[in-house]
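Trainee: Structure: data_25.csv, CSV, C-alpha atoms.
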```
chain,number,residue,atom,x,y,z
A,1078,MET,CA,22.5,30.0,1.7
A,1079,LEU,CA,25.8,28.8,0.3
A,1080,THR,CA,25.7,25.5,2.2
A,1081,ILE,CA,22.2,24.7,0.8
A,1082,VAL,CA,23.1,25.7,-2.7
A,1083,ALA,CA,26.3,23.7,-2.6
A,1084,GLY,CA,24.5,20.7,-1.3
A,1085,LEU,CA,21.8,20.9,-4.0
A,1086,PHE,CA,24.4,21.6,-6.7
A,1087,ALA,CA,26.5,18.6,-5.6
A,1088,LEU,CA,23.4,16.3,-5.6
A,1089,ALA,CA,22.4,17.6,-9.0
A,1090,ILE,CA,25.9,17.2,-10.5
A,1091,GLY,CA,26.0,13.6,-9.2
A,1092,ALA,CA,22.5,12.8,-10.6
A,1093,GLY,CA,23.4,14.3,-14.0
A,1094,PHE,CA,26.7,12.5,-14.1
A,1095,VAL,CA,25.3,9.1,-13.2
A,1096,GLY,CA,22.3,9.7,-15.5
A,1097,ALA,CA,24.6,10.3,-18.5
A,1098,LEU,CA,26.9,7.4,-17.7
A,1099,SER,CA,24.0,4.9,-17.2
A,1100,GLY,CA,22.0,6.2,-20.2
A,1101,LEU,CA,19.0,6.6,-18.0
A,1102,GLY,CA,19.0,10.4,-17.7
A,1103,GLY,CA,19.4,12.7,-14.7
A,1104,GLY,CA,15.7,12.7,-13.8
A,1105,VAL,CA,15.7,9.1,-12.6
A,1106,PHE,CA,18.3,10.0,-9.9
A,1107,ILE,CA,17.6,13.7,-9.1
A,1108,VAL,CA,14.0,13.1,-8.0
A,1109,PRO,CA,14.8,10.4,-5.3
A,1110,GLY,CA,18.0,12.4,-4.4
A,1111,LEU,CA,15.9,15.5,-3.6
A,1112,VAL,CA,13.2,13.5,-1.8
A,1113,ILE,CA,15.4,11.2,0.3
A,1114,LEU,CA,18.5,13.4,0.9
A,1115,ALA,CA,17.3,17.0,0.6
A,1116,HIS,CA,13.9,16.3,2.2
A,1117,VAL,CA,12.1,18.1,-0.6
A,1118,PRO,CA,8.4,17.2,-1.1
A,1119,MET,CA,7.8,14.8,-4.1
A,1120,HIS,CA,5.8,17.4,-6.2
A,1121,ILE,CA,8.6,20.0,-5.9
A,1122,ALA,CA,11.3,17.4,-6.8
A,1123,VAL,CA,9.3,16.3,-9.9
A,1124,GLY,CA,8.9,20.0,-11.0
A,1125,ALA,CA,12.6,20.8,-10.5
A,1126,SER,CA,13.6,17.6,-12.3
A,1127,LEU,CA,11.4,18.4,-15.3
A,1128,ILE,CA,13.3,21.7,-15.8
A,1129,SER,CA,16.7,20.0,-15.6
A,1130,VAL,CA,15.6,17.4,-18.1
A,1131,VAL,CA,14.7,20.1,-20.6
A,1132,ALA,CA,18.2,21.6,-20.2
A,1133,THR,CA,20.1,18.3,-20.5
A,1134,SER,CA,18.0,17.3,-23.6
A,1135,ALA,CA,18.8,20.6,-25.3
A,1136,GLY,CA,22.5,20.3,-24.5
A,1137,ALA,CA,22.8,16.7,-25.8
A,1138,SER,CA,20.6,17.3,-28.9
A,1139,VAL,CA,22.8,20.0,-30.3
A,1140,ALA,CA,25.5,17.5,-31.6
A,1141,PHE,CA,23.0,14.8,-32.5
A,1142,VAL,CA,21.0,17.1,-34.7
A,1143,ARG,CA,24.0,18.7,-36.3
A,1144,ASP,CA,25.6,15.3,-37.1
A,1145,GLY,CA,22.4,14.0,-38.6
A,1146,TRP,CA,21.6,11.2,-36.1
A,1147,THR,CA,18.2,12.6,-35.1
A,1148,ASN,CA,15.3,11.6,-37.4
A,1149,LEU,CA,13.5,15.0,-37.2
A,1150,ARG,CA,10.4,13.8,-39.1
A,1151,VAL,CA,9.8,10.9,-36.8
A,1152,ALA,CA,10.4,13.2,-33.8
A,1153,MET,CA,7.9,15.8,-34.9
A,1154,ILE,CA,5.1,13.4,-35.5
A,1155,LEU,CA,5.7,11.4,-32.3
A,1156,GLU,CA,6.0,14.7,-30.2
A,1157,CYS,CA,2.2,15.1,-30.8
A,1158,ALA,CA,1.8,11.9,-28.7
A,1159,THR,CA,4.4,12.7,-26.0
A,1160,VAL,CA,3.1,16.2,-25.4
A,1161,THR,CA,-0.5,14.9,-25.1
A,1162,GLY,CA,0.8,12.4,-22.5
A,1163,ALA,CA,3.1,14.9,-20.7
A,1164,VAL,CA,0.3,17.6,-20.2
A,1165,THR,CA,-2.0,14.9,-19.0
A,1166,GLY,CA,0.7,13.5,-16.6
A,1167,ALA,CA,1.6,16.9,-15.3
A,1168,TYR,CA,-2.0,17.7,-14.6
A,1169,MET,CA,-2.5,14.3,-12.8
A,1170,ALA,CA,0.7,15.1,-10.7
A,1171,GLY,CA,-1.2,18.0,-9.2
A,1172,VAL,CA,-4.1,15.8,-7.9
A,1173,ILE,CA,-2.3,12.6,-7.0
A,1174,SER,CA,-1.0,12.2,-3.4
A,1175,ALA,CA,2.8,12.2,-2.7
A,1176,PRO,CA,2.9,8.6,-1.5
A,1177,MET,CA,1.2,7.4,-4.6
A,1178,LEU,CA,3.7,9.4,-6.8
A,1179,GLU,CA,6.5,7.9,-4.8
A,1180,MET,CA,5.2,4.4,-5.4
A,1181,LEU,CA,4.7,5.0,-9.1
A,1182,PHE,CA,8.3,6.4,-9.2
A,1183,ALA,CA,9.6,3.2,-7.6
A,1184,LEU,CA,7.8,1.1,-10.1
A,1185,MET,CA,9.1,3.2,-13.0
A,1186,MET,CA,12.7,2.7,-11.6
A,1187,LEU,CA,12.2,-1.0,-11.7
A,1188,GLN,CA,11.0,-0.8,-15.3
A,1189,SER,CA,14.1,1.3,-16.2
A,1190,ALA,CA,16.3,-1.4,-14.6
A,1191,TYR,CA,14.5,-4.0,-16.6
A,1192,PHE,CA,15.0,-2.1,-19.9
A,1193,SER,CA,18.7,-1.6,-19.0
A,1194,ILE,CA,19.3,-5.4,-18.7
A,1195,THR,CA,17.3,-6.4,-21.8
A,1196,LYS,CA,19.3,-6.4,-25.0
A,1197,HIS,CA,18.3,-4.1,-27.8
A,1198,GLY,CA,18.2,-5.5,-31.3
A,1199,ASP,CA,19.0,-3.6,-34.4
A,1200,GLU,CA,16.7,-5.3,-36.9
A,1201,LEU,CA,16.3,-2.9,-39.7
A,1202,VAL,CA,13.5,-3.1,-42.3
A,1203,PRO,CA,14.5,-2.0,-45.9
A,1204,THR,CA,11.2,-0.1,-46.7
A,1205,SER,CA,8.7,1.9,-44.7
A,1206,ASP,CA,5.0,0.8,-44.5
A,1207,ARG,CA,2.4,2.9,-46.3
A,1208,LEU,CA,1.8,5.5,-43.7
A,1209,CYS,CA,5.4,6.1,-42.8
A,1210,ALA,CA,6.4,6.1,-46.5
A,1211,ARG,CA,3.8,8.8,-47.1
A,1212,LEU,CA,5.4,10.9,-44.3
A,1213,ARG,CA,8.9,10.2,-45.7
A,1214,MET,CA,10.1,8.9,-42.4
A,1215,GLY,CA,12.8,6.5,-43.6
A,1216,GLY,CA,16.5,7.4,-43.8
A,1217,VAL,CA,20.0,6.2,-44.2
A,1218,VAL,CA,22.4,5.2,-41.4
A,1219,ILE,CA,26.1,4.4,-41.5
A,1220,GLY,CA,26.9,1.4,-39.4
A,1221,ASP,CA,30.0,0.7,-37.3
A,1222,ASP,CA,31.4,-1.2,-40.2
A,1223,GLY,CA,31.2,2.0,-42.3
A,1224,VAL,CA,28.6,0.6,-44.6
A,1225,GLU,CA,25.6,2.8,-45.5
A,1226,ARG,CA,22.2,1.2,-44.9
A,1227,THR,CA,18.8,2.4,-45.9
A,1228,TYR,CA,16.2,1.9,-43.1
A,1229,GLY,CA,12.4,2.0,-43.3
A,1230,VAL,CA,10.0,3.0,-40.5
A,1231,VAL,CA,6.9,0.9,-39.6
A,1232,ASN,CA,4.1,0.8,-37.1
A,1233,LEU,CA,3.6,4.5,-36.4
A,1234,PRO,CA,0.3,4.0,-34.5
A,1235,GLY,CA,1.9,1.4,-32.1
A,1236,GLY,CA,4.9,3.7,-31.5
A,1237,ALA,CA,2.7,6.7,-30.9
A,1238,ALA,CA,0.6,4.8,-28.4
A,1239,LEU,CA,3.7,4.0,-26.4
A,1240,MET,CA,4.8,7.6,-26.7
A,1241,VAL,CA,1.6,8.7,-25.0
A,1242,VAL,CA,2.5,6.4,-22.1
A,1243,ALA,CA,6.1,7.8,-22.0
A,1244,GLY,CA,4.7,11.3,-22.0
A,1245,VAL,CA,2.4,10.6,-19.0
A,1246,MET,CA,5.3,9.1,-17.1
A,1247,SER,CA,7.5,12.1,-17.9
A,1248,GLY,CA,4.9,14.7,-16.8
A,1249,LEU,CA,3.8,12.7,-13.8
A,1250,LEU,CA,7.3,11.6,-12.4
A,1251,GLY,CA,9.7,14.3,-13.8
A,1252,VAL,CA,11.8,12.0,-15.9
A,1253,GLY,CA,12.6,11.9,-19.6
A,1254,SER,CA,11.2,8.3,-20.1
A,1255,GLY,CA,14.1,7.8,-22.6
A,1256,ALA,CA,14.2,4.0,-22.1
A,1257,LEU,CA,10.6,3.6,-23.1
A,1258,LYS,CA,10.9,6.0,-26.1
A,1259,VAL,CA,14.0,4.2,-27.4
A,1260,ALA,CA,12.2,0.8,-26.9
A,1261,ALA,CA,9.2,2.1,-28.9
A,1262,MET,CA,11.2,3.3,-31.8
A,1263,ASP,CA,13.7,0.4,-31.8
A,1264,TYR,CA,11.4,-2.6,-31.2
A,1265,LEU,CA,8.1,-1.4,-32.7
A,1266,MET,CA,9.1,1.1,-35.4
A,1267,LYS,CA,12.4,-0.6,-36.4
A,1268,LEU,CA,14.5,2.5,-36.3
A,1269,PRO,CA,18.3,1.9,-35.9
A,1270,LEU,CA,19.3,2.0,-32.2
A,1271,LYS,CA,21.5,5.0,-32.4
A,1272,VAL,CA,18.9,7.0,-34.4
A,1273,SER,CA,16.3,5.9,-31.8
A,1274,SER,CA,18.5,7.2,-28.9
A,1275,ALA,CA,19.2,10.5,-30.7
A,1276,THR,CA,15.6,11.0,-31.6
A,1277,SER,CA,14.4,10.1,-28.1
A,1278,ASN,CA,16.8,12.6,-26.6
A,1279,PHE,CA,15.5,15.3,-29.0
A,1280,MET,CA,11.9,14.6,-28.1
A,1281,ILE,CA,12.6,14.5,-24.3
A,1282,GLY,CA,13.1,18.3,-24.4
A,1283,VAL,CA,9.6,19.0,-25.7
A,1284,THR,CA,8.0,16.3,-23.5
A,1285,ALA,CA,9.6,17.6,-20.3
A,1286,GLY,CA,9.0,21.2,-21.4
A,1287,ALA,CA,5.3,20.6,-21.8
A,1288,GLY,CA,5.2,19.1,-18.3
A,1289,ALA,CA,7.4,21.8,-16.8
A,1290,LEU,CA,5.0,24.5,-18.3
A,1291,VAL,CA,2.1,23.0,-16.4
A,1292,PHE,CA,4.1,22.9,-13.2
A,1293,LEU,CA,5.3,26.5,-13.7
A,1294,ALA,CA,1.8,27.8,-14.5
A,1295,ARG,CA,0.4,26.0,-11.4
A,1296,GLY,CA,3.1,27.6,-9.2
A,1297,ASP,CA,4.6,24.2,-8.4
A,1298,ILE,CA,8.2,25.0,-9.4
A,1299,ALA,CA,10.2,26.2,-6.4
A,1300,THR,CA,12.8,28.6,-7.8
A,1301,ALA,CA,15.1,28.0,-4.8
A,1302,VAL,CA,15.3,24.3,-5.6
A,1303,ALA,CA,14.9,24.3,-9.4
A,1304,ALA,CA,17.6,26.9,-10.3
A,1305,PRO,CA,20.6,25.1,-8.7
A,1306,VAL,CA,19.3,21.7,-9.7
A,1307,ALA,CA,18.9,22.7,-13.4
A,1308,LEU,CA,22.5,24.1,-13.5
A,1309,GLY,CA,23.9,21.1,-11.6
A,1310,VAL,CA,22.3,18.4,-13.6
A,1311,THR,CA,23.3,20.0,-16.8
A,1312,ALA,CA,26.9,20.4,-15.7
A,1313,GLY,CA,27.0,16.7,-14.4
A,1314,ALA,CA,25.5,15.4,-17.7
A,1315,LEU,CA,28.0,17.4,-19.7
A,1316,VAL,CA,30.9,15.9,-17.8
A,1317,GLY,CA,29.4,12.4,-17.8
A,1318,SER,CA,28.9,12.4,-21.6
A,1319,ARG,CA,32.5,13.6,-22.1
A,1320,LEU,CA,33.9,10.9,-19.9
A,1321,LEU,CA,31.6,8.2,-21.3
A,1322,PRO,CA,33.9,7.0,-24.2
A,1323,HIS,CA,36.8,6.6,-21.8
A,1324,LEU,CA,35.1,4.4,-19.2
A,1325,ASN,CA,34.2,0.7,-18.9
A,1326,VAL,CA,30.5,1.3,-19.3
A,1327,THR,CA,29.4,-2.4,-19.1
A,1328,ALA,CA,30.8,-2.8,-15.5
A,1329,LEU,CA,29.5,0.6,-14.4
A,1330,ARG,CA,26.0,-0.1,-15.8
A,1331,LYS,CA,25.7,-3.2,-13.6
A,1332,LEU,CA,26.6,-1.1,-10.5
A,1333,PHE,CA,24.0,1.5,-11.6
A,1334,ILE,CA,21.3,-1.1,-11.9
A,1335,VAL,CA,22.0,-2.3,-8.3
A,1336,ILE,CA,21.8,1.4,-7.2
A,1337,LEU,CA,18.6,1.8,-9.1
A,1338,ILE,CA,17.0,-1.2,-7.5
A,1339,LEU,CA,18.1,0.0,-4.0
A,1340,ILE,CA,16.6,3.5,-4.6
A,1341,ALA,CA,13.4,1.9,-5.9
A,1342,ILE,CA,13.1,-0.1,-2.7
A,1343,GLU,CA,13.7,3.0,-0.6
A,1344,MET,CA,11.1,5.0,-2.5
A,1345,GLY,CA,8.6,2.1,-2.4
A,1346,TRP,CA,9.1,1.9,1.4
A,1347,ARG,CA,8.6,5.6,1.8
A,1348,ALA,CA,5.4,5.4,-0.2
A,1349,LEU,CA,4.1,2.5,1.9
A,1350,SER,CA,4.9,4.4,5.1
A,1351,GLY,CA,3.1,7.4,3.9
A,1352,PHE,CA,-0.2,5.7,2.8
B,859,MET,CA,26.6,9.8,-39.4
B,860,ALA,CA,23.0,9.2,-40.4
B,861,LYS,CA,20.7,11.0,-42.7
B,862,ASP,CA,16.9,11.2,-42.4
B,863,SER,CA,14.7,11.8,-45.4
B,864,VAL,CA,13.8,15.4,-44.8
B,865,THR,CA,14.1,17.1,-48.2
B,866,SER,CA,17.4,18.7,-48.7
B,867,GLU,CA,16.5,22.4,-48.2
B,868,GLU,CA,14.4,21.7,-45.1
B,869,ASP,CA,17.1,19.3,-43.8
B,870,ARG,CA,19.9,21.9,-44.3
B,871,VAL,CA,17.9,24.7,-42.6
B,872,LEU,CA,16.8,22.5,-39.7
B,873,ARG,CA,20.2,21.0,-39.1
B,874,ILE,CA,21.8,24.5,-39.0
B,875,TRP,CA,19.2,26.4,-37.1
B,876,THR,CA,17.9,23.9,-34.5
B,877,PRO,CA,21.2,23.5,-32.7
B,878,ARG,CA,21.7,27.3,-32.8
B,879,ILE,CA,18.3,27.9,-31.3
B,880,LEU,CA,18.9,25.2,-28.6
B,881,ARG,CA,22.3,26.5,-27.7
B,882,THR,CA,21.4,30.2,-27.7
B,883,THR,CA,18.4,29.7,-25.4
B,884,LEU,CA,20.3,27.3,-23.2
B,885,VAL,CA,23.2,29.8,-22.8
B,886,MET,CA,20.8,32.7,-22.2
B,887,SER,CA,18.9,30.9,-19.4
B,888,THR,CA,22.2,29.7,-17.8
B,889,VAL,CA,23.5,33.3,-17.7
B,890,VAL,CA,20.2,34.6,-16.3
B,891,LEU,CA,20.1,31.8,-13.7
B,892,VAL,CA,23.7,32.3,-12.6
B,893,ALA,CA,23.2,36.1,-12.4
B,894,GLY,CA,20.0,35.5,-10.3
B,895,MET,CA,21.9,33.2,-7.9
B,896,VAL,CA,24.8,35.5,-7.5
B,897,ALA,CA,22.4,38.4,-6.8
B,898,MET,CA,20.6,36.3,-4.3
B,899,ALA,CA,23.9,35.3,-2.5
B,900,THR,CA,25.0,38.9,-2.3
B,901,GLN,CA,21.7,40.7,-1.7
B,902,ALA,CA,19.3,38.4,0.1
B,903,PRO,CA,20.8,35.1,1.3
B,904,GLY,CA,18.5,35.0,4.3
B,905,TYR,CA,15.4,35.3,2.0
B,906,TYR,CA,16.7,32.3,0.0
B,907,VAL,CA,17.1,30.2,3.2
B,908,ALA,CA,13.7,31.1,4.4
B,909,ARG,CA,12.1,30.2,1.0
B,910,TYR,CA,14.0,26.9,0.9
B,911,HIS,CA,12.8,25.9,4.3
B,912,ALA,CA,9.2,26.9,3.4
B,913,VAL,CA,9.5,24.6,0.3
B,914,GLN,CA,10.7,21.7,2.5
B,915,HIS,CA,7.6,22.2,4.7
B,916,GLY,CA,5.4,22.2,1.6
B,917,HIS,CA,4.5,25.9,1.9
B,918,ILE,CA,5.1,27.2,-1.7
B,919,HIS,CA,2.9,28.7,-4.3
B,920,GLU,CA,5.0,30.7,-6.7
B,921,ASN,CA,2.4,32.1,-9.0
B,922,GLU,CA,3.7,35.5,-10.0
B,923,GLY,CA,2.5,36.8,-13.3
B,924,TRP,CA,4.9,37.8,-16.1
B,925,ALA,CA,4.4,41.5,-15.5
B,926,GLN,CA,5.3,41.0,-11.8
B,927,LEU,CA,8.4,39.0,-12.7
B,928,VAL,CA,9.6,41.5,-15.3
B,929,GLN,CA,9.1,44.4,-12.9
B,930,GLY,CA,10.9,42.5,-10.1
B,931,ALA,CA,13.8,41.7,-12.4
B,932,HIS,CA,14.0,45.3,-13.5
B,933,ARG,CA,14.3,46.3,-9.8
B,934,GLY,CA,17.1,43.7,-9.5
B,935,ASP,CA,15.0,41.3,-7.4
B,936,PRO,CA,17.1,38.0,-7.4
B,937,HIS,CA,14.0,35.7,-7.0
B,938,ALA,CA,12.4,37.3,-10.1
B,939,ILE,CA,15.6,37.0,-12.1
B,940,MET,CA,16.0,33.3,-11.2
B,941,THR,CA,12.4,32.6,-12.1
B,942,ILE,CA,12.8,34.3,-15.5
B,943,GLY,CA,15.9,32.1,-16.1
B,944,LEU,CA,13.7,29.0,-15.5
B,945,TYR,CA,11.0,30.3,-17.8
B,946,ILE,CA,13.6,30.9,-20.6
B,947,LEU,CA,14.9,27.3,-20.1
B,948,THR,CA,11.3,26.0,-20.4
B,949,LEU,CA,10.8,28.0,-23.6
B,950,VAL,CA,13.8,26.2,-25.3
B,951,PRO,CA,11.6,23.5,-26.8
B,952,LEU,CA,8.8,25.9,-27.6
B,953,ALA,CA,11.2,28.1,-29.6
B,954,ARG,CA,12.5,25.3,-31.8
B,955,VAL,CA,9.0,23.9,-32.4
B,956,ALA,CA,7.8,27.4,-33.4
B,957,PHE,CA,10.7,27.7,-35.8
B,958,THR,CA,9.9,24.3,-37.4
B,959,PHE,CA,6.2,25.3,-37.7
B,960,PHE,CA,7.1,28.4,-39.7
B,961,LEU,CA,9.7,26.5,-41.8
B,962,PHE,CA,7.2,23.8,-42.8
B,963,LEU,CA,4.6,26.5,-43.5
B,964,LYS,CA,7.0,28.2,-45.9
B,965,GLU,CA,7.7,24.8,-47.5
B,966,ARG,CA,3.9,24.1,-47.7
B,967,ASP,CA,4.4,20.7,-46.0
B,968,TYR,CA,1.0,20.7,-44.4
B,969,VAL,CA,1.1,17.4,-42.5
B,970,PHE,CA,4.1,18.7,-40.6
B,971,VAL,CA,2.5,22.2,-40.2
B,972,ALA,CA,-0.4,20.4,-38.5
B,973,ALA,CA,1.9,18.3,-36.3
B,974,THR,CA,4.0,21.2,-35.1
B,975,ALA,CA,0.8,23.4,-34.6
B,976,TYR,CA,-0.6,20.6,-32.5
B,977,VAL,CA,2.5,20.5,-30.3
B,978,LEU,CA,2.5,24.3,-29.9
B,979,ALA,CA,-1.2,24.2,-29.0
B,980,GLY,CA,-0.5,21.4,-26.5
B,981,LEU,CA,2.2,23.5,-24.8
B,982,ILE,CA,-0.1,26.5,-24.6
B,983,PHE,CA,-3.0,24.3,-23.4
B,984,GLY,CA,-0.6,23.0,-20.7
B,985,VAL,CA,0.0,26.6,-19.4
B,986,MET,CA,-3.8,27.2,-19.3
B,987,LEU,CA,-4.4,23.9,-17.5
B,988,GLY,CA,-1.7,24.8,-15.0
B,989,ARG,CA,-3.3,28.2,-14.3
B,990,ILE,CA,-6.7,26.8,-13.6
B,991,GLY,CA,-5.6,23.5,-11.9
```
Translate this file's structure into structure tokens.
Mentor:
Amino acid sequence: MLTIVAGLFALAIGAGFVGALSGLGGGVFIVPGLVILAHVPMHIAVGASLISVVATSAGASVAFVRDGWTNLRVAMILECATVTGAVTGAYMAGVISAPMLEMLFALMMLQSAYFSITKHGDELVPTSDRLCARLRMGGVVIGDDGVERTYGVVNLPGGAALMVVAGVMSGLLGVGSGALKVAAMDYLMKLPLKVSSATSNFMIGVTAGAGALVFLARGDIATAVAAPVALGVTAGALVGSRLLPHLNVTALRKLFIVILILIAIEMGWRALSGF
Amino acid sequence: MAKDSVTSEEDRVLRIWTPRILRTTLVMSTVVLVAGMVAMATQAPGYYVARYHAVQHGHIHENEGWAQLVQGAHRGDPHAIMTIGLYILTLVPLARVAFTFFLFLKERDYVFVAATAYVLAGLIFGVMLGRIG
């Protein structure tokens, strides 16, 4: 037993660590890790990953909420969309074949690689549009230069539509879909980048939790896999986030993108072989 | 540092209590999971290995009810303890959404009462969907 647990634990720590350093989250790495290296079926890997995503989101959100980076009002409204998507995605995961899930996962990894290399802008709007103003979604952010800036929030329907897609991806593939959530808030809703990241991290917990509940209730969470994986990914993410400020992230991210593309090719090949 | 526009009292309560709820449930689930794994390693390592290999071959269906799990954990069954740890972990977001629901209800902020109620209903619907599907 100790050999199996130690292997799963090491895999999960590595996934959590790389997920935190790359900013992509542990789910993107633990699912292929379990499928390719631990020979665990795709559905079980997705379920175990969802549980670990809940844990890492909760751990990271503590500081972001306490320090005021998370826009709670935006999160609470958009969670309606992500939960709808996640429950739908998790239900679909129960009826879609493993090769199809693997192919979708490979495509999602390529999309994550694309989001990692495209630059995020930080174009703030001074005032919210009518709907967002009514929901009091705007806020104040202090930039790197120490200057306080008021930001408005716009295009809630557009952001919510993308959040449904992010939720489906999360429930279906066992990832947090953080890259898509940040893009929706940053590009479409014009939230500051750091507020978008913190708010996305906060929402990931509920999104993955909704998916995980469907998997748990269906009996698709294998305790023998999910327990060591949840503990390992959380520990790896914790170490990764602590080391992050001391490392040359730009160089590392290029390496991670190459790894991501290689894993996507391997997952795609597995899927094609399984059809 | 950033500030969102939640009114000051709601803001203060949420920023104090949300991290507390998240941290408490996270620590609770970690303790239960570690206890379950230690119990498994000392009491039934062969059972774990057999279950793991069954999982690898796609033979799993872990659909124990709450009553069964609680009874199992009470008897010191490591598998039941680990599964309860996973349930607690999954309930982390549910707990903080439920807290927010009651806070907004108290503050009579009905748009956000409706939003959090929808999320809670979605989570419960997810469980029902999982049970039937």
Trainee: Have a look at atom CA of A:Ala1314 and atom CA of B:Gly980 and let me know their distance in Å, one decimal.
Mentor: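 About the pair atom CA of A:Ala1314 and atom CA of B:Gly980: they are 28.1 Å apart.
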Trainee: Mind giving me the straight-line distance from atom CA of B:Leu987 to atom CA of A:Gly1162 in Å, one decimal?
Mentor: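 Spanning atom CA of B:Leu987 to atom CA of A:Gly1162 is a straight-line distance of 13.6 Å.
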Trainee: Could you work out how far atom CA of B:Pro877 lies from atom CA of A:Gly1317, giving the answer in Å with one decimal?
Mentor: 20.3 Å
Trainee: Counting only C-alpha atoms, collect the residues of chain A whose closest atom lies at most 6 Å from chain B, and write them out as a ChimeraX atom specification.
Mentor: /A:1078,1117,1135,1139,1142-1143,1145-1146,1148,1154,1157,1164,1215-1219,1282-1283,1286-1287,1290-1291,1294-1296,1300-1301
Trainee: Report as a PyMOL selection string all protein, DNA and RNA residues lying within 12 Å of A:Tyr1191, evaluated on only C-alpha atoms, omitting residues in the same chain fewer than 2 positions from it.
Mentor: chain A and resi 1101+1184-1189+1193-1197+1256-1257+1260+1331+1334-1335+1337-1338
Trainee: So that I can check the surroundings of stretch 1277-1279 of chain A, please list as an mmCIF file with C-alpha atoms, in the frame of the given file every protein, DNA and RNA residue that reaches within 6 Å of it, counting only C-alpha atoms and ignoring chain neighbours fewer than 5 positions away.
Mentor:
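Saved result, out17.cif, follows:
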```cif
data_model
loop_
_atom_site.group_PDB
_atom_site.id
_atom_site.type_symbol
_atom_site.label_atom_id
_atom_site.label_comp_id
_atom_site.auth_asym_id
_atom_site.auth_seq_id
_atom_site.Cartn_x
_atom_site.Cartn_y
_atom_site.Cartn_z
ATOM 1 C CA SER A 1134 18.000 17.300 -23.600
ATOM 2 C CA SER A 1138 20.600 17.300 -28.900
ATOM 3 C CA GLY A 1255 14.100 7.800 -22.600
ATOM 4 C CA LYS A 1258 10.900 6.000 -26.100
ATOM 5 C CA VAL A 1259 14.000 4.200 -27.400
#
```
Trainee: Which of these, A:Gly1171, A:Leu1268, A:Ala1152, A:Pro1176, has the shortest distance to A:Ser1205 once you count all atoms listed in the file?
Mentor: A:Leu1268
Trainee: With only C-alpha atoms as the atoms that count, which of A:Cys1209, A:Ile1340, A:Leu1320, A:Ala1304 lies nearest to B:Pro936?
Mentor: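 Closest candidate: A:Ala1304.
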Trainee: Please identify all polymer residues within 7 Å of A:Met1280, counting all atoms listed in the file, omitting same-chain residues fewer than 4 positions from it, and present them as a compact mmCIF listing (two decimals) with C-alpha atoms, in the frame of the given file.
Mentor:
```txt
# COMPACT_ATOMS: atom_id res chain seq x y z
CA ALA A 1152 10.40 13.20 -33.80
CA GLU A 1156 6.00 14.70 -30.20
CA THR A 1276 15.60 11.00 -31.60
CA THR A 1284 8.00 16.30 -23.50
```
